[in-house]
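File shown: query09.txt (compact mmCIF, C-alpha atoms and all ligand atoms).
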```
# COMPACT_ATOMS: atom_id res chain seq x y z
CA MET L 173 -6.06 111.91 35.35
CA LYS L 174 -4.46 113.99 32.65
CA LYS L 175 -1.83 111.30 32.20
CA LEU L 176 -4.51 108.68 31.76
CA LEU L 177 -6.32 110.82 29.22
CA THR L 178 -3.14 111.26 27.18
CA LEU L 179 -2.57 107.53 27.34
CA VAL L 180 -6.10 106.76 26.15
CA LEU L 181 -5.79 109.32 23.40
CA ALA L 182 -2.49 107.83 22.28
CA LEU L 183 -4.03 104.37 22.26
CA VAL L 184 -7.00 105.52 20.20
CA MET L 185 -4.62 107.11 17.71
CA ILE L 186 -2.55 103.96 17.39
CA LEU L 187 -5.65 101.88 16.83
CA ALA L 188 -7.03 104.33 14.27
CA LEU L 189 -3.75 104.22 12.35
CA ALA L 190 -3.47 100.48 12.56
CA ALA L 191 -7.07 99.75 11.52
CA PRO L 192 -6.86 100.45 7.76
CA ALA L 193 -3.81 98.22 7.41
CA PHE L 194 -5.77 95.29 8.81
CA ALA L 195 -9.08 95.99 7.07
CA ASP L 196 -8.01 94.11 3.93
CA GLU L 197 -6.69 91.08 5.71
CA VAL L 198 -9.26 88.38 5.06
CA PRO L 199 -8.61 85.32 7.25
CA ASN L 200 -7.54 82.37 5.08
CA GLY L 201 -10.56 80.39 6.22
CA GLU L 202 -12.88 83.01 4.72
CA LYS L 203 -11.25 83.16 1.28
CA PRO L 204 -12.85 81.55 -1.80
CA VAL L 205 -12.18 77.84 -2.31
CA ILE L 206 -13.12 76.43 -5.72
CA TRP L 207 -12.82 72.66 -6.09
CA PHE L 208 -12.62 71.53 -9.69
CA ASN L 209 -12.36 68.34 -11.78
CA ARG L 210 -12.31 66.05 -8.75
CA GLN L 211 -15.45 66.48 -6.75
CA PRO L 212 -15.04 66.20 -2.97
CA SER L 213 -16.68 62.84 -2.36
CA ASN L 214 -16.26 59.42 -0.83
CA SER L 215 -14.19 57.40 -3.28
CA THR L 216 -16.00 54.19 -2.38
CA THR L 217 -19.64 55.29 -2.27
CA GLY L 218 -19.46 58.45 -4.36
CA GLU L 219 -21.33 60.36 -1.63
CA LEU L 220 -20.56 64.09 -1.76
CA ASP L 221 -18.33 65.51 0.95
CA MET L 222 -20.60 68.31 2.11
CA ASP L 223 -18.12 69.51 4.74
CA ALA L 224 -15.69 70.30 1.95
CA LEU L 225 -18.37 71.75 -0.33
CA THR L 226 -19.58 74.11 2.41
CA PHE L 227 -16.16 74.88 3.90
CA ASN L 228 -17.15 78.54 3.89
CA ASP L 229 -19.76 80.65 2.08
CA LYS L 230 -17.33 81.20 -0.79
CA THR L 231 -16.81 77.51 -1.55
CA TYR L 232 -18.00 75.87 -4.82
CA TYR L 233 -17.27 72.93 -7.09
CA VAL L 234 -16.91 73.16 -10.86
CA GLY L 235 -17.04 70.00 -12.95
CA PHE L 236 -19.27 68.49 -15.57
CA ASP L 237 -22.25 66.16 -15.62
CA ALA L 238 -20.51 62.79 -15.29
CA LYS L 239 -23.70 60.79 -15.69
CA GLN L 240 -24.96 62.56 -18.80
CA GLY L 241 -21.50 62.25 -20.36
CA ALA L 242 -21.22 58.58 -19.46
CA GLU L 243 -24.60 57.81 -21.01
CA LEU L 244 -23.58 59.73 -24.09
CA GLN L 245 -20.34 57.76 -24.39
CA GLY L 246 -22.23 54.45 -24.13
CA GLN L 247 -24.73 55.56 -26.75
CA MET L 248 -21.98 56.78 -29.06
CA ILE L 249 -20.32 53.36 -28.92
CA VAL L 250 -23.55 51.45 -29.59
CA ASP L 251 -24.47 53.79 -32.47
CA TYR L 252 -21.08 53.16 -34.03
CA LEU L 253 -21.36 49.38 -33.72
CA GLN L 254 -24.84 49.41 -35.23
CA ALA L 255 -23.59 51.39 -38.22
CA HIS L 256 -20.35 49.44 -38.79
CA GLY L 257 -21.29 45.78 -38.47
CA GLU L 258 -19.21 44.51 -41.32
CA GLY L 259 -15.96 42.94 -40.20
CA LEU L 260 -16.58 44.00 -36.61
CA ASP L 261 -16.37 40.46 -35.22
CA ARG L 262 -12.75 40.02 -36.22
CA ASN L 263 -12.34 36.34 -35.40
CA GLY L 264 -15.87 35.38 -36.42
CA ASP L 265 -16.71 33.74 -33.08
CA GLY L 266 -20.06 35.49 -32.80
CA ILE L 267 -18.83 37.55 -29.87
CA ILE L 268 -18.11 41.27 -29.96
CA GLY L 269 -15.31 41.37 -27.40
CA TYR L 270 -14.22 44.64 -25.88
CA VAL L 271 -11.57 45.74 -23.40
CA LEU L 272 -12.06 48.65 -21.02
CA CYS L 273 -9.40 51.02 -19.68
CA ILE L 274 -10.49 52.34 -16.28
CA GLY L 275 -9.06 55.66 -15.09
CA ASP L 276 -9.29 55.70 -11.31
CA ILE L 277 -11.57 53.22 -9.55
CA GLY L 278 -12.26 55.83 -6.84
CA HIS L 279 -13.12 58.79 -9.11
CA ASN L 280 -16.78 59.63 -9.85
CA ASP L 281 -16.08 60.44 -13.51
CA SER L 282 -14.31 57.17 -14.08
CA ILE L 283 -16.94 55.12 -12.25
CA ALA L 284 -19.72 56.78 -14.24
CA ARG L 285 -18.01 56.06 -17.57
CA THR L 286 -17.44 52.40 -16.72
CA ARG L 287 -21.10 52.14 -15.76
CA GLY L 288 -22.31 54.01 -18.84
CA ALA L 289 -20.38 51.79 -21.24
CA ARG L 290 -21.55 48.58 -19.54
CA LYS L 291 -25.18 49.66 -19.43
CA ALA L 292 -25.23 50.62 -23.10
CA LEU L 293 -23.47 47.43 -24.18
CA GLY L 294 -25.72 45.21 -22.07
CA THR L 295 -22.87 43.87 -19.94
CA ALA L 296 -23.92 45.61 -16.72
CA VAL L 297 -24.98 43.81 -13.54
CA PRO L 298 -26.52 45.45 -10.45
CA ASP L 299 -24.02 46.88 -7.98
CA ALA L 300 -24.32 44.33 -5.18
CA ALA L 301 -21.85 46.21 -3.00
CA GLN L 302 -24.34 49.11 -2.93
CA GLY L 303 -27.24 46.77 -2.27
CA LYS L 304 -28.62 47.10 -5.81
CA THR L 305 -30.73 44.29 -7.23
CA GLU L 306 -31.83 45.84 -10.52
CA ILE L 307 -30.61 48.42 -12.97
CA GLU L 308 -32.74 51.46 -13.60
CA THR L 309 -30.09 54.10 -14.17
CA ILE L 310 -26.34 53.85 -14.63
CA ASP L 311 -25.95 54.58 -10.90
CA ASP L 312 -27.13 51.03 -10.23
CA VAL L 313 -24.36 49.38 -12.27
CA ASP L 314 -21.45 47.52 -10.72
CA PRO L 315 -18.28 49.42 -11.77
CA THR L 316 -15.77 46.84 -10.50
CA ALA L 317 -12.84 46.03 -12.79
CA VAL L 318 -12.99 42.42 -14.01
CA GLY L 319 -9.28 41.81 -14.60
CA THR L 320 -9.63 39.26 -17.41
CA ASN L 321 -12.92 37.70 -18.39
CA THR L 322 -12.25 36.03 -21.72
CA ASP L 323 -14.44 33.07 -20.70
CA GLY L 324 -17.32 35.31 -19.58
CA SER L 325 -17.35 34.03 -16.01
CA SER L 326 -16.82 37.29 -14.08
CA ALA L 327 -19.42 38.20 -11.45
CA TYR L 328 -18.97 41.94 -12.10
CA VAL L 329 -20.32 41.85 -15.66
CA GLN L 330 -22.52 39.62 -17.77
CA ASP L 331 -22.54 38.75 -21.45
CA GLY L 332 -24.77 41.15 -23.36
CA ALA L 333 -26.40 40.82 -26.75
CA ILE L 334 -26.58 43.14 -29.73
CA THR L 335 -28.27 42.70 -33.10
CA ILE L 336 -26.43 44.31 -35.99
CA ASP L 337 -27.83 44.11 -39.52
CA GLY L 338 -30.04 41.24 -38.45
CA THR L 339 -27.23 39.18 -36.91
CA GLU L 340 -27.22 38.63 -33.16
CA TYR L 341 -23.88 38.81 -31.36
CA ILE L 342 -22.86 38.22 -27.78
CA VAL L 343 -21.11 41.23 -26.25
CA ARG L 344 -18.38 40.41 -23.75
CA GLU L 345 -16.10 42.55 -21.60
CA LEU L 346 -12.92 40.55 -22.13
CA ALA L 347 -10.80 42.58 -19.72
CA SER L 348 -10.78 45.78 -17.69
CA GLN L 349 -8.42 47.29 -15.18
CA GLU L 350 -7.52 50.54 -13.46
CA MET L 351 -4.62 52.14 -15.30
CA LYS L 352 -2.39 53.01 -12.40
CA ASN L 353 1.38 53.16 -12.60
CA ASN L 354 3.84 51.71 -10.09
CA SER L 355 4.10 55.02 -8.24
CA GLY L 356 0.35 55.21 -7.82
CA ALA L 357 -0.66 57.75 -10.48
CA THR L 358 -4.07 56.93 -11.98
CA TRP L 359 -5.60 57.56 -15.44
CA ASP L 360 -2.09 56.63 -16.52
CA ALA L 361 -1.73 56.63 -20.30
CA PRO L 362 1.62 54.77 -20.49
CA THR L 363 0.12 51.99 -18.35
CA ALA L 364 -2.74 51.66 -20.85
CA GLY L 365 -0.19 51.46 -23.67
CA THR L 366 1.66 48.57 -22.04
CA THR L 367 -1.52 46.83 -20.87
CA ILE L 368 -2.90 46.56 -24.41
CA GLY L 369 0.40 44.85 -25.25
CA THR L 370 -0.27 42.25 -22.57
CA TRP L 371 -3.92 41.82 -23.51
CA SER L 372 -3.31 41.59 -27.24
CA ALA L 373 -0.48 39.09 -26.75
CA SER L 374 -2.77 36.67 -24.98
CA PHE L 375 -6.19 37.23 -26.61
CA GLY L 376 -5.64 39.85 -29.32
CA ASP L 377 -7.84 38.24 -31.99
CA GLN L 378 -10.79 38.33 -29.58
CA ILE L 379 -10.60 42.12 -29.12
CA ASP L 380 -13.07 43.82 -31.45
CA VAL L 381 -13.53 47.15 -29.62
CA VAL L 382 -11.53 49.27 -27.16
CA VAL L 383 -13.36 51.50 -24.68
CA SER L 384 -11.42 53.94 -22.55
CA ASN L 385 -12.49 56.18 -19.67
CA ASN L 386 -10.43 58.97 -21.23
CA ASP L 387 -8.51 59.98 -24.34
CA GLY L 388 -5.10 59.91 -22.66
CA MET L 389 -5.40 56.15 -22.20
CA GLY L 390 -7.48 55.66 -25.36
CA MET L 391 -4.85 57.33 -27.53
CA ALA L 392 -2.08 55.33 -25.88
CA VAL L 393 -3.92 52.14 -26.89
CA PHE L 394 -4.75 53.50 -30.34
CA ASN L 395 -1.15 54.39 -31.07
CA ALA L 396 0.28 51.20 -29.61
CA TRP L 397 -2.16 48.74 -31.16
CA SER L 398 -5.66 49.51 -32.38
CA LYS L 399 -4.76 51.87 -35.18
CA ASP L 400 -2.60 49.21 -36.89
CA ASN L 401 -5.15 46.50 -36.22
CA ASN L 402 -8.18 48.57 -37.27
CA VAL L 403 -9.95 48.06 -33.98
CA PRO L 404 -12.57 50.71 -33.12
CA THR L 405 -11.39 52.73 -30.13
CA PHE L 406 -13.36 55.23 -28.05
CA GLY L 407 -12.26 57.75 -25.46
CA TYR L 408 -13.47 60.78 -23.54
CA ASP L 409 -12.34 64.43 -23.21
CA ALA L 410 -11.95 65.55 -26.84
CA ASN L 411 -8.29 66.48 -26.40
CA SER L 412 -6.91 67.96 -29.63
CA ASP L 413 -4.75 64.91 -30.44
CA ALA L 414 -7.69 62.54 -30.02
CA VAL L 415 -9.99 64.66 -32.17
CA ALA L 416 -7.31 64.86 -34.86
CA ALA L 417 -6.95 61.05 -34.72
CA ILE L 418 -10.61 60.65 -35.76
CA ALA L 419 -9.33 61.31 -39.28
CA ASP L 420 -7.04 58.27 -38.85
CA GLY L 421 -9.63 55.91 -37.43
CA TYR L 422 -10.06 56.81 -33.74
CA CYS L 423 -13.82 56.35 -33.48
CA GLY L 424 -15.09 58.93 -31.06
CA THR L 425 -14.76 60.90 -27.87
CA ILE L 426 -16.88 63.10 -25.63
CA SER L 427 -16.28 66.79 -25.11
CA GLN L 428 -16.80 67.76 -21.48
CA ASN L 429 -16.62 71.40 -22.57
CA ALA L 430 -13.34 72.27 -20.91
CA ASP L 431 -13.72 75.89 -22.06
CA VAL L 432 -16.90 76.21 -20.02
CA GLN L 433 -15.38 74.48 -16.99
CA ALA L 434 -12.15 76.50 -17.02
CA TYR L 435 -14.08 79.73 -17.37
CA LEU L 436 -16.48 78.72 -14.59
CA THR L 437 -13.61 77.77 -12.27
CA LEU L 438 -12.09 81.23 -12.51
CA ARG L 439 -15.37 83.08 -12.92
CA VAL L 440 -16.87 81.68 -9.74
CA MET L 441 -13.59 82.59 -8.03
CA ARG L 442 -13.86 86.15 -9.38
CA ASN L 443 -17.46 86.52 -8.23
CA ALA L 444 -16.69 85.13 -4.79
CA LEU L 445 -13.73 87.50 -4.43
CA ASP L 446 -15.88 90.46 -5.48
CA ASP L 447 -18.83 89.47 -3.26
CA ALA L 448 -20.82 89.68 -6.47
CA ASP L 449 -23.92 87.67 -7.43
CA ILE L 450 -22.43 84.22 -8.08
CA MET L 451 -24.18 84.12 -11.48
CA THR L 452 -22.43 87.27 -12.75
CA GLY L 453 -20.91 86.56 -16.17
CA ILE L 454 -22.57 83.14 -16.03
CA SER L 455 -26.33 83.42 -16.42
CA ILE L 456 -26.27 87.21 -15.92
CA PRO L 457 -24.10 89.07 -18.46
CA ASP L 458 -21.29 91.01 -16.76
CA ALA L 459 -20.20 94.57 -17.59
CA ALA L 460 -17.95 93.30 -20.40
CA GLY L 461 -20.72 91.18 -21.91
CA ASN L 462 -19.48 87.75 -20.82
CA VAL L 463 -22.26 85.20 -20.46
CA LEU L 464 -22.74 81.42 -20.70
CA SER L 465 -25.65 80.09 -22.71
CA GLU L 466 -27.85 77.92 -20.55
CA ASP L 467 -27.53 74.79 -22.69
CA LEU L 468 -23.87 74.57 -21.62
CA PHE L 469 -24.15 74.14 -17.85
CA TYR L 470 -26.36 73.95 -14.79
CA TYR L 471 -25.94 74.87 -11.15
CA ASP L 472 -27.08 72.82 -8.18
CA GLU L 473 -27.56 75.36 -5.43
CA ASP L 474 -27.97 72.82 -2.60
CA THR L 475 -24.56 71.28 -3.15
CA ARG L 476 -22.93 74.43 -4.58
CA CYS L 477 -21.85 72.53 -7.70
CA PHE L 478 -21.60 73.86 -11.25
CA TYR L 479 -21.73 71.25 -14.01
CA ALA L 480 -20.83 71.69 -17.68
CA LEU L 481 -22.71 69.50 -20.13
CA ASN L 482 -21.08 67.08 -22.59
CA GLY L 483 -21.29 66.52 -26.33
CA ALA L 484 -20.31 63.57 -28.54
CA VAL L 485 -17.47 64.08 -31.04
CA THR L 486 -17.40 61.61 -33.92
CA ALA L 487 -16.48 61.43 -37.61
CA ASP L 488 -19.68 63.42 -38.28
CA ASN L 489 -18.69 66.59 -36.44
CA TYR L 490 -15.06 66.39 -35.30
CA GLU L 491 -13.82 69.16 -37.58
CA SER L 492 -15.31 71.82 -35.35
CA PHE L 493 -13.57 70.37 -32.26
CA LEU L 494 -10.00 70.20 -33.60
CA ASP L 495 -8.65 72.93 -31.32
CA ALA L 496 -9.59 71.97 -27.77
CA THR L 497 -7.67 74.96 -26.41
CA ALA L 498 -9.46 77.74 -28.32
CA PRO L 499 -11.20 80.31 -26.10
CA ASN L 500 -14.95 80.75 -26.45
CA ALA L 501 -15.80 84.20 -27.82
CA ALA L 502 -19.02 84.37 -25.78
CA PHE L 503 -17.04 84.67 -22.55
CA ASN L 504 -13.64 86.00 -23.51
CA ASN L 505 -14.10 89.73 -22.91
CA GLN L 506 -11.65 91.67 -20.75
CA LEU L 507 -12.92 93.06 -17.42
CA THR L 508 -11.66 96.48 -16.42
CA GLU L 509 -9.45 96.85 -13.35
CA GLU L 510 -12.02 99.22 -11.83
CA ASP L 511 -14.70 96.55 -12.09
CA ALA L 512 -12.40 93.73 -11.10
CA PRO L 513 -9.12 94.66 -9.39
CA VAL L 514 -6.25 92.20 -9.81
CA LYS L 515 -6.33 89.34 -7.28
CA LYS L 516 -3.87 86.58 -6.60
CA VAL L 517 -5.01 82.98 -6.91
CA TRP L 518 -3.34 79.68 -6.02
CA LEU L 519 -4.39 76.84 -8.33
CA ASP L 520 -3.12 73.29 -8.60
CA ILE L 521 -3.32 70.57 -11.26
CA PHE L 522 -3.12 67.23 -9.44
CA ASN L 523 -0.88 65.51 -11.99
CA SER L 524 1.66 67.18 -14.25
CA THR L 525 1.32 64.34 -16.78
CA ASP L 526 -2.48 64.07 -16.99
CA ASN L 527 -3.31 64.57 -20.68
CA PHE L 528 -6.70 66.21 -20.28
CA LEU L 529 -5.74 68.59 -17.51
CA ASN L 530 -2.46 69.71 -19.05
CA ALA L 531 -3.25 69.65 -22.76
CA THR L 532 -6.82 70.93 -22.61
CA TYR L 533 -7.91 72.33 -19.24
CA LEU L 534 -4.81 74.33 -18.37
CA PRO L 535 -4.60 76.18 -21.71
CA GLN L 536 -8.28 77.01 -21.24
CA LEU L 537 -7.60 78.39 -17.74
CA GLU L 538 -4.82 80.49 -19.25
CA ASN L 539 -7.28 81.88 -21.79
CA TYR L 540 -9.50 83.30 -19.06
CA ASP L 541 -7.23 84.22 -16.13
CA GLY L 542 -6.14 87.46 -17.82
CA ILE L 543 -9.58 88.66 -18.91
CA LEU L 544 -10.80 88.15 -15.34
CA ASN L 545 -7.80 90.02 -13.88
CA LEU L 546 -6.70 87.01 -11.88
CA ASP L 547 -3.01 86.56 -11.30
CA VAL L 548 -2.93 82.78 -11.04
CA GLU L 549 -0.01 80.78 -9.74
CA TYR L 550 -0.25 77.32 -11.30
CA ILE L 551 1.12 74.45 -9.22
CA LYS L 552 1.49 70.94 -10.67
CA GLY L 553 1.47 67.80 -8.54
CA ASP L 554 2.92 64.36 -9.19
CA GLY L 555 -0.49 62.70 -9.28
CA GLN L 556 0.46 60.44 -6.41
CA THR L 557 0.29 62.15 -3.05
CA GLU L 558 -1.68 65.06 -1.70
CA ALA L 559 1.39 66.20 0.30
CA ASN L 560 3.32 66.81 -2.90
CA ILE L 561 0.79 69.58 -3.59
CA THR L 562 -0.19 70.79 -0.13
CA ASP L 563 3.48 71.30 0.75
CA ARG L 564 3.40 74.05 -1.83
CA LEU L 565 0.57 75.80 -0.08
CA ALA L 566 2.94 76.83 2.69
CA ASN L 567 1.85 80.44 2.78
CA PRO L 568 -1.87 80.78 2.05
CA SER L 569 -1.88 84.37 3.33
CA GLU L 570 -0.17 85.42 0.10
CA TYR L 571 -3.24 84.53 -1.95
CA ASP L 572 -6.77 85.86 -2.23
CA GLY L 573 -8.33 82.54 -3.24
CA PHE L 574 -7.65 78.85 -3.90
CA ALA L 575 -8.69 76.59 -6.78
CA ILE L 576 -8.08 72.97 -5.91
CA ASN L 577 -7.73 69.76 -7.94
CA MET L 578 -7.24 66.90 -5.49
CA VAL L 579 -5.33 63.68 -6.03
CA LYS L 580 -7.99 61.69 -4.21
CA THR L 581 -11.55 62.90 -3.88
CA ASP L 582 -11.64 61.95 -0.17
CA ASN L 583 -8.79 64.25 0.73
CA ALA L 584 -10.37 67.71 0.83
CA ALA L 585 -9.45 68.18 4.48
CA SER L 586 -5.74 68.07 3.72
CA TYR L 587 -6.27 71.36 1.86
CA THR L 588 -8.87 73.05 4.04
CA SER L 589 -6.86 72.29 7.18
CA LYS L 590 -4.13 74.51 5.71
CA LEU L 591 -6.60 77.39 5.61
CA GLN L 592 -7.86 77.16 9.17
C1 LIG G 601 -10.88 63.46 -17.29
C2 LIG G 601 -9.68 62.62 -17.29
C3 LIG G 601 -8.70 63.12 -16.27
C4 LIG G 601 -9.37 63.23 -14.94
C5 LIG G 601 -8.47 63.82 -13.91
C6 LIG G 601 -11.46 63.51 -15.94
O1 LIG G 601 -12.60 64.31 -15.94
O2 LIG G 601 -11.82 62.96 -18.20
O3 LIG G 601 -9.08 62.63 -18.53
O4 LIG G 601 -7.62 62.25 -16.20
O5 LIG G 601 -10.51 64.02 -15.05
O6 LIG G 601 -9.08 63.99 -12.70
CA CA G 602 -15.12 38.30 -31.89
```

In structure tokens, write the structure found in this file.
Ligand code: BGC
Ligand code: CA
Amino acid sequence: MKKLLTLVLALVMILALAAPAFADEVPNGEKPVIWFNRQPSNSTTGELDMDALTFNDKTYYVGFDAKQGAELQGQMIVDYLQAHGEGLDRNGDGIIGYVLCIGDIGHNDSIARTRGARKALGTAVPDAAQGKTEIETIDDVDPTAVGTNTDGSSAYVQDGAITIDGTEYIVRELASQEMKNNSGATWDAPTAGTTIGTWSASFGDQIDVVVSNNDGMGMAVFNAWSKDNNVPTFGYDANSDAVAAIADGYCGTISQNADVQAYLTLRVMRNALDDADIMTGISIPDAAGNVLSEDLFYYDEDTRCFYALNGAVTADNYESFLDATAPNAAFNNQLTEEDAPVKKVWLDIFNSTDNFLNATYLPQLENYDGILNLDVEYIKGDGQTEANITDRLANPSEYDGFAINMVKTDNAASYTSKLQ
């Protein structure tokens, strides 16, 4: 009996000693997961991947309002054309011909921008593949790439019409394609640079406008061709080089407020790690005074998605957007280590050569990681395969949270399976 008692006592003591050491060990599956830039979704239908978005109760997505931005880009282009009619129709054939650089045919942002441009320019047709028969919003527009359509016969677009200074023109999408390199990386700027060479060699005098789903590709086209040929070119992202090029004739871009998104990505991580109200330092000022003004973002509670809003950047206002990497003073105040002890975060950028993510988003993340006391390990992928990134998530137990930028929006499970 006495022996048993001693044994039990010894056991209790061992357990009591062992307990504190384990108390901090959060299972990987319960750690914060913040998806950003590529929203977990079906790359064909765009339907949100709710399994990924509700992986655990500390899972969120941070992006921007793709639809609002796409409509803004379309409007910006039309406004420009209306105001610059003279000489616009370069070959005088009565057609305003444009080419469109598509980023990734399976990425919501890219699909939205293709739709937004077509709707604004009047070249959109209903998305038959989704059973659409009329166009009410940009969601109804067929986003399929046409390849070449110099004769206007493609089924994926139609000829539109625009009246500029009393003259009516046909608007035609002469060509569009996904800019994907031979290894499979999408949104590929060098591919856009060589493609404009091919397009301009065969129908260059018909191209009156260049529309691009992002600035990386837009600037590649601008530098390779449209700058020298004075052809209006439009992009998206407001990267510093693109904004600077507005002084040299690049016509406009859209800011997706990367400062807001980068801050939100890390802020939501911080709040989830601290078990704090998820709106701390967002709509509720935190102890250091960080807060986001409500005209910059919104939160959809049902899908756990934060969206930054977009703004047009043109010759009228570009001077205040020249440094895309500058931190925003409204949410750049240092948290104390008592309020927010240092935590270790794993974060990946899907493609080490993506212009927006590397030139704009990453510097913005680096502005805010320190003030939020997050020790972030930045991993960069090759933009081609998920495995190239997930292989470097070999030891999730070393991290307190994960911020994930997927290669393909359908592939969330290849990350979450590493955490189970
Ligand atoms: C940006 C693109 C970028 C892509 C990467 C988009 O939101 O506009 O420039 O290549 O994200 O996922
Ligand atoms: Ca023309």

Which neighbours of Glu549 in chain L fall inside 8 Å, counting only C-alpha atoms, when residues of the same chain fewer than 6 positions from it are skipped, and could you give them as an NGL selection string? :L and (516-519)

Counting all atoms listed in the file, name the residues that have an atom within 6 Å of an atom of ligand CA 602 (chain G); the answer should be given as a PyMOL selection string. chain L and resi 261-269+378+380

Specify the axis-aligned box that encloses all atoms of ligand LIG 601 (chain G) listed in the file after padding of 3 Å on each side, stating its centre and edge lengths in Å to one decimal as lines of an AutoDock Vina configuration file.
```
center_x = -10.1
center_y = 63.3
center_z = -15.6
size_x = 11.0
size_y = 8.1
size_z = 11.8
```

If you count only C-alpha atoms and all ligand atoms, which residues end up within 10 Å of ligand LIG 601 (chain G), as a ChimeraX atom specification? /L:208-211,235-238,241,275-276,279-282,285,358-361,384-390,407-411,426-428,430,521-523,525-530,532-533,555,577-581

Can you write out the residues you just picked, keeping C-alpha atoms, as a compact mmCIF listing (two decimals), in the coordinates of the input?
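Contents of again_26.txt, as written:
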```txt
# COMPACT_ATOMS: atom_id res chain seq x y z
CA PHE L 208 -12.62 71.53 -9.69
CA ASN L 209 -12.36 68.34 -11.78
CA ARG L 210 -12.31 66.05 -8.75
CA GLN L 211 -15.45 66.48 -6.75
CA GLY L 235 -17.04 70.00 -12.95
CA PHE L 236 -19.27 68.49 -15.57
CA ASP L 237 -22.25 66.16 -15.62
CA ALA L 238 -20.51 62.79 -15.29
CA GLY L 241 -21.50 62.25 -20.36
CA GLY L 275 -9.06 55.66 -15.09
CA ASP L 276 -9.29 55.70 -11.31
CA HIS L 279 -13.12 58.79 -9.11
CA ASN L 280 -16.78 59.63 -9.85
CA ASP L 281 -16.08 60.44 -13.51
CA SER L 282 -14.31 57.17 -14.08
CA ARG L 285 -18.01 56.06 -17.57
CA THR L 358 -4.07 56.93 -11.98
CA TRP L 359 -5.60 57.56 -15.44
CA ASP L 360 -2.09 56.63 -16.52
CA ALA L 361 -1.73 56.63 -20.30
CA SER L 384 -11.42 53.94 -22.55
CA ASN L 385 -12.49 56.18 -19.67
CA ASN L 386 -10.43 58.97 -21.23
CA ASP L 387 -8.51 59.98 -24.34
CA GLY L 388 -5.10 59.91 -22.66
CA MET L 389 -5.40 56.15 -22.20
CA GLY L 390 -7.48 55.66 -25.36
CA GLY L 407 -12.26 57.75 -25.46
CA TYR L 408 -13.47 60.78 -23.54
CA ASP L 409 -12.34 64.43 -23.21
CA ALA L 410 -11.95 65.55 -26.84
CA ASN L 411 -8.29 66.48 -26.40
CA ILE L 426 -16.88 63.10 -25.63
CA SER L 427 -16.28 66.79 -25.11
CA GLN L 428 -16.80 67.76 -21.48
CA ALA L 430 -13.34 72.27 -20.91
CA ILE L 521 -3.32 70.57 -11.26
CA PHE L 522 -3.12 67.23 -9.44
CA ASN L 523 -0.88 65.51 -11.99
CA THR L 525 1.32 64.34 -16.78
CA ASP L 526 -2.48 64.07 -16.99
CA ASN L 527 -3.31 64.57 -20.68
CA PHE L 528 -6.70 66.21 -20.28
CA LEU L 529 -5.74 68.59 -17.51
CA ASN L 530 -2.46 69.71 -19.05
CA THR L 532 -6.82 70.93 -22.61
CA TYR L 533 -7.91 72.33 -19.24
CA GLY L 555 -0.49 62.70 -9.28
CA ASN L 577 -7.73 69.76 -7.94
CA MET L 578 -7.24 66.90 -5.49
CA VAL L 579 -5.33 63.68 -6.03
CA LYS L 580 -7.99 61.69 -4.21
CA THR L 581 -11.55 62.90 -3.88
```

Could you work out how far CA of Ser524 in chain L lies from CA of Lys552 in chain L, giving the answer in Å with one decimal?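 We find that CA of Lys552 in chain L and CA of Ser524 in chain L lie 5.2 Å from each other.
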
Given all atoms listed in the file as the counted atoms, nearest of L:Val297, L:Ile543, L:Ile307, L:Leu438 to Ala575 in chain L: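 Closest residue, counting all atoms listed in the file: L:Leu438.
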
To one decimal place, how far is CA of Ala364 in chain L from CA of Val343 in chain L in Å?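 A separation of 21.8 Å between them.
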
Skip Phe227 in chain L itself and residues of its chain fewer than 5 positions away, then list as a VMD selection string all residues within 9 Å of it, counting all atoms listed in the file. chain L and resid 201 to 202 205 222 232 588

Counting all atoms listed in the file, the option among L:Asn462, L:Asn545, L:Thr562, L:Thr216 closest to Pro513 in chain L: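 The shortest atom-to-atom distance to Pro513 in chain L comes from L:Asn545.
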
Between L:Ala327, L:Thr231, L:Glu558, L:Asp446, single out the one closest to Asp582 in chain L, counting only C-alpha atoms.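 Going through L:Ala327, L:Thr231, L:Glu558, L:Asp446 one by one, the smallest distance to Asp582 in chain L is for L:Glu558.
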
Could you state the separation of CA of Leu220 in chain L and CA of Ile277 in chain L in Å, given to one decimal place?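 Taking CA of Leu220 in chain L as the start and CA of Ile277 in chain L as the end point, the length is 16.1 Å.
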
Hey, what's within 10 Å of Asn504 in chain L if we count only C-alpha atoms and toss same-chain stuff fewer than 5 positions away? As a PyMOL selection string, please? chain L and resi 435+460-463+499+539-544

Mind listing as a ChimeraX atom specification all residues within 9 Å of (-9.8, 37.7, -26.6), counting all atoms listed in the file? /L:269-271,321-323,346-347,371-372,374-380

Using all atoms listed in the file, which of L:Asp431, L:Asn560, L:Asp299, L:Leu293 sits nearest Glu538 in chain L?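 Among the listed residues, L:Asp431 lies closest to Glu538 in chain L.
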
L:Leu546, L:Ala459, L:Glu306, L:Leu537 ranked by distance to Asn505 in chain L, top pick (using all atoms listed in the file):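 Once distances to Asn505 in chain L are computed over all atoms listed in the file, the minimum belongs to L:Ala459.
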